[in-house]
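Colleague: For reference, the structure I am asking about is given below.
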Amino acid sequence: MAGRTRLALMALAAVVALGVSGVIGYQLTHGGAPSAPRYAVGGPIDLTAEDGRRFTNADLGGKPFAVFFGFTRCPNVCPTTLSDLTLDLEQLGPLADKLKVLFVSVDPERDTPETLKDYLSAFDPRITGLSGTPAEIASLAKAYRVFYEKVPTEGGDYTMNHTATVYLMDGKGALASTISLEEDQPTRVAKLKQLAENG
Amino acid sequence: MFSRLNSARVALRHLFASPEERIGIAVLATALLFVGVNAAAAHQYKIGAIEIGHPWSRATPPGAKVAGGYLTLTNDGDTADKLVSATAEIAGRAEIHQMSVEDGVMKMRQVEGGLDIPAHGSVTLDPNGFHLMLLDLKGPLVQGTKMHGSLTFEKAGTVEVDFAVDAIGANPKPMKHDGGDAMPGMKMDH
């Protein structure tokens with residue numbers, strides 16, 4: 001009797017599980033395709049560019065773009081990524097002009113537009129540095145689901161933890177792909193080429 | 001006079017008789033050039049049981065306030081040691097940090113109490129894991145130059161070293177000497 005009940009309960013649980021997974025699966029494949037997806041990455045940009053002017057989505061001119069969040073007091077990941085992107089743009093040749101590359105500071109208190117301008121002069125001139133008020137940065141980071149936080153170090157100083165993914169956004173501002181730190185140059189270039197070609 | 005010149009020409013022709021040989025010589029000369037460059041670039045130091053392999057850094061973008069210091073520490077001794085501090089002339093101060101990437105987030109933490117170097121073991125400081133964090137830079141690090149500094153170990157003492165300054169994005173991703181994980185200290189999600 002107890003065994004039968006257990007069996008019935010297990011069967012019921014299996015049916016419920018199947019039903020739930022079916023609903024989730026249906027939603028993933030069919031249901032979740034309205035104009036604004038629920039878990040969208042990206043959002044309106046309204047920051048200060050390295051030349052001191054405001055930079056908004058209008059400045060992208062409808063072009064697809066790559067965006068990376070970092071800071072200039074970053075010894076490893078940021079110079080590596082900026083240097084990688086510089087080599088990638090070179091590899092892309094004329095196709096590189098069909099996309100934009102943005103570097104958004106997650107340390108706006110120390111990364112002024114002038115700081116960014118100086119720093120980025122070592123990399124491809126097509127990489128645009130963006131800073132803003134802490135609130136403006138927080139708002140864009142939230143839209144991109146970018147994580148960043150201050151990490152205290154000796155003597156009241158701090159460094160930053162931050163998302164190191166490069167987001168590849170299409171001409172409509174929707175997430176097309178990403179580039180992570182460990183991807184090699186052929187992969188990165190292939191992704192950027194696809195982004196530039198697809199628009 | 002002419003005949004002498006001629007014989008010299010013949011001798012030269014004899015030396016570089018075929019295009020293949022000429023190519024061979026060019027390749028050899030190029031190879032020798034690289035041997036020279038490598039010998040100049042790779043350098044090491046030793047203090048007590050600790051061997052310090054090729055301290056290096058990366059050129060900094062204009063206005064940069066920080067840089068990294070990288071090297072390999074090998075302990076030939078029977079007792080563990082610790083890298084407790086470091087200095088660099090160009091930097092106001094240096095700390096030992098560890099970088100890691102977890103779920104796409106780059107995390108930085110200061111290594112407290114020194115970096116362990118196990119007995120008969122080694123530890124690599126590179127842009128993907130442990131590294132020296134050079135802060136309050138007084139000037140830029142220029143590729144091809146050397147940066148003077150020092151390393152202090154708990155047991156072995158202090159040794160002065162020169163860090164060779166490489167390119168801005170230089171990264172030892174294809175690590176040849178240990179044959180292990182290409183990027184120690186980094187979580188690889190493939």
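Each chain in the structure tokens gets a letter, A, B and so on, in the order shown; residues start at 1 in every chain, and ligands are counted from 1 in the order they appear.
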For the interface of chain A with chain B (cut-off 7 Å, counting only C-alpha atoms), please tabulate each contacting residue of chain A alongside its nearest pair of atoms and their separation in Å to one decimal, rows sorted by chain and increasing number, as a tab-separated table.

Modeller:
```
residue	atom	partner	partner_atom	distance
A:Thr72	CA	B:Ala64	CA	6.5
A:Arg73	CA	B:Val66	CA	5.5
A:Cys74	CA	B:Val66	CA	6.8
A:Pro75	CA	B:Ala67	CA	4.9
A:Asn76	CA	B:Pro127	CA	5.3
A:Pro79	CA	B:Gly169	CA	6.0
A:Thr80	CA	B:Gly169	CA	4.7
A:Ser83	CA	B:Gly169	CA	5.1
A:Thr115	CA	B:Gly63	CA	6.8
A:Asp118	CA	B:Pro62	CA	5.4
A:Tyr119	CA	B:Pro62	CA	4.9
A:Ala122	CA	B:Pro61	CA	5.3
A:Thr153	CA	B:Gln110	CA	7.0
A:Met160	CA	B:Met108	CA	7.0
A:Asn161	CA	B:Lys107	CA	4.6
A:His162	CA	B:Met106	CA	5.3
A:Thr163	CA	B:Val105	CA	4.0
A:Ala164	CA	B:Val105	CA	5.5
A:Thr165	CA	B:Gly104	CA	5.9
```

Colleague: Could you list, as a PDB file with N, CA and C atoms, in the first residue's frame, every residue within 8 Å of stretch 187-191 of chain A, counting only C-alpha atoms and ignoring same-chain residues fewer than 4 positions away?

Modeller:
```
ATOM      1  N   ASP A  88      42.719  43.290 -33.244  1.00  0.00           N
ATOM      2  CA  ASP A  88      41.553  42.755 -33.960  1.00  0.00           C
ATOM      3  C   ASP A  88      41.066  43.746 -35.016  1.00  0.00           C
ATOM      4  N   LEU A  89      40.998  45.029 -34.655  1.00  0.00           N
ATOM      5  CA  LEU A  89      40.521  46.053 -35.587  1.00  0.00           C
ATOM      6  C   LEU A  89      41.468  46.145 -36.781  1.00  0.00           C
ATOM      7  N   GLN A  91      43.240  43.692 -37.931  1.00  0.00           N
ATOM      8  CA  GLN A  91      42.976  42.494 -38.719  1.00  0.00           C
ATOM      9  C   GLN A  91      41.729  42.642 -39.585  1.00  0.00           C
ATOM     10  N   LEU A  92      40.731  43.339 -39.052  1.00  0.00           N
ATOM     11  CA  LEU A  92      39.461  43.493 -39.765  1.00  0.00           C
ATOM     12  C   LEU A  92      39.599  44.360 -41.010  1.00  0.00           C
ATOM     13  N   SER A 177      26.490  38.931 -29.464  1.00  0.00           N
ATOM     14  CA  SER A 177      27.441  37.923 -28.991  1.00  0.00           C
ATOM     15  C   SER A 177      28.326  38.534 -27.904  1.00  0.00           C
ATOM     16  N   ILE A 179      32.597  38.406 -26.205  1.00  0.00           N
ATOM     17  CA  ILE A 179      33.963  37.884 -26.309  1.00  0.00           C
ATOM     18  C   ILE A 179      34.476  37.791 -24.880  1.00  0.00           C
ATOM     19  N   GLU A 183      39.397  33.898 -25.152  1.00  0.00           N
ATOM     20  CA  GLU A 183      39.233  33.565 -26.565  1.00  0.00           C
ATOM     21  C   GLU A 183      40.424  34.072 -27.387  1.00  0.00           C
ATOM     22  N   LEU A 195      29.790  40.554 -36.711  1.00  0.00           N
ATOM     23  CA  LEU A 195      29.052  41.702 -36.185  1.00  0.00           C
ATOM     24  C   LEU A 195      29.037  42.852 -37.200  1.00  0.00           C
TER      25      LEU A 195
END
```

Colleague: Which neighbours of B:Pro118 fall inside 10 Å, counting only C-alpha atoms, when residues of the same chain fewer than 3 positions from it are skipped, and could you give them as a list in words?

Modeller: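 My reading of the contact set: Leu73, Thr74, Asn75, Asp76, Gly77, Asp78, Thr79, Ala80, Asp81, Lys82, Leu115, Gly121, Ser122 and Val123 of chain B.
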
Colleague: Residues near B:Gly92, anyone? I mean within 9 Å using only C-alpha atoms, not counting same-chain ones fewer than 2 positions away, as a PDB file with N, CA and C atoms, in the first residue's frame.

Modeller:
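See part31.pdb below for the written result:
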```
ATOM      1  N   THR B  87      59.774  46.063  -4.490  1.00  0.00           N
ATOM      2  CA  THR B  87      59.821  47.491  -4.791  1.00  0.00           C
ATOM      3  C   THR B  87      60.141  47.660  -6.268  1.00  0.00           C
ATOM      4  N   ALA B  88      59.800  48.806  -6.800  1.00  0.00           N
ATOM      5  CA  ALA B  88      60.201  49.179  -8.151  1.00  0.00           C
ATOM      6  C   ALA B  88      60.490  50.661  -8.100  1.00  0.00           C
ATOM      7  N   GLU B  89      61.632  51.063  -8.657  1.00  0.00           N
ATOM      8  CA  GLU B  89      62.038  52.472  -8.566  1.00  0.00           C
ATOM      9  C   GLU B  89      60.987  53.413  -9.127  1.00  0.00           C
ATOM     10  N   ILE B  90      60.308  52.959 -10.187  1.00  0.00           N
ATOM     11  CA  ILE B  90      59.358  53.834 -10.879  1.00  0.00           C
ATOM     12  C   ILE B  90      58.008  53.918 -10.163  1.00  0.00           C
ATOM     13  N   ALA B  94      54.628  48.779  -4.144  1.00  0.00           N
ATOM     14  CA  ALA B  94      54.271  47.548  -4.847  1.00  0.00           C
ATOM     15  C   ALA B  94      53.570  46.611  -3.879  1.00  0.00           C
ATOM     16  N   LEU B 134      52.154  47.299  -9.206  1.00  0.00           N
ATOM     17  CA  LEU B 134      52.989  48.487  -9.020  1.00  0.00           C
ATOM     18  C   LEU B 134      52.076  49.707  -9.050  1.00  0.00           C
ATOM     19  N   LEU B 135      52.089  50.464  -7.953  1.00  0.00           N
ATOM     20  CA  LEU B 135      51.155  51.586  -7.813  1.00  0.00           C
ATOM     21  C   LEU B 135      51.877  52.928  -7.756  1.00  0.00           C
ATOM     22  N   ASP B 136      51.104  53.976  -7.997  1.00  0.00           N
ATOM     23  CA  ASP B 136      51.619  55.349  -7.962  1.00  0.00           C
ATOM     24  C   ASP B 136      52.846  55.503  -8.857  1.00  0.00           C
ATOM     25  N   LEU B 137      52.694  55.122 -10.114  1.00  0.00           N
ATOM     26  CA  LEU B 137      53.810  55.224 -11.061  1.00  0.00           C
ATOM     27  C   LEU B 137      54.252  56.686 -11.197  1.00  0.00           C
ATOM     28  N   LYS B 138      55.577  56.858 -11.200  1.00  0.00           N
ATOM     29  CA  LYS B 138      56.117  58.224 -11.336  1.00  0.00           C
ATOM     30  C   LYS B 138      56.318  58.575 -12.804  1.00  0.00           C
TER      31      LYS B 138
END
```

Colleague: Would you return as a ChimeraX atom specification the members of stretch 53-167 of chain B that DSSP assigns to strand (DSSP E or B) on this structure's backbone?

Modeller: /B:53-58,67-75,81-88,91-102,105-110,115-117,122-125,130-137,146-153,157-166
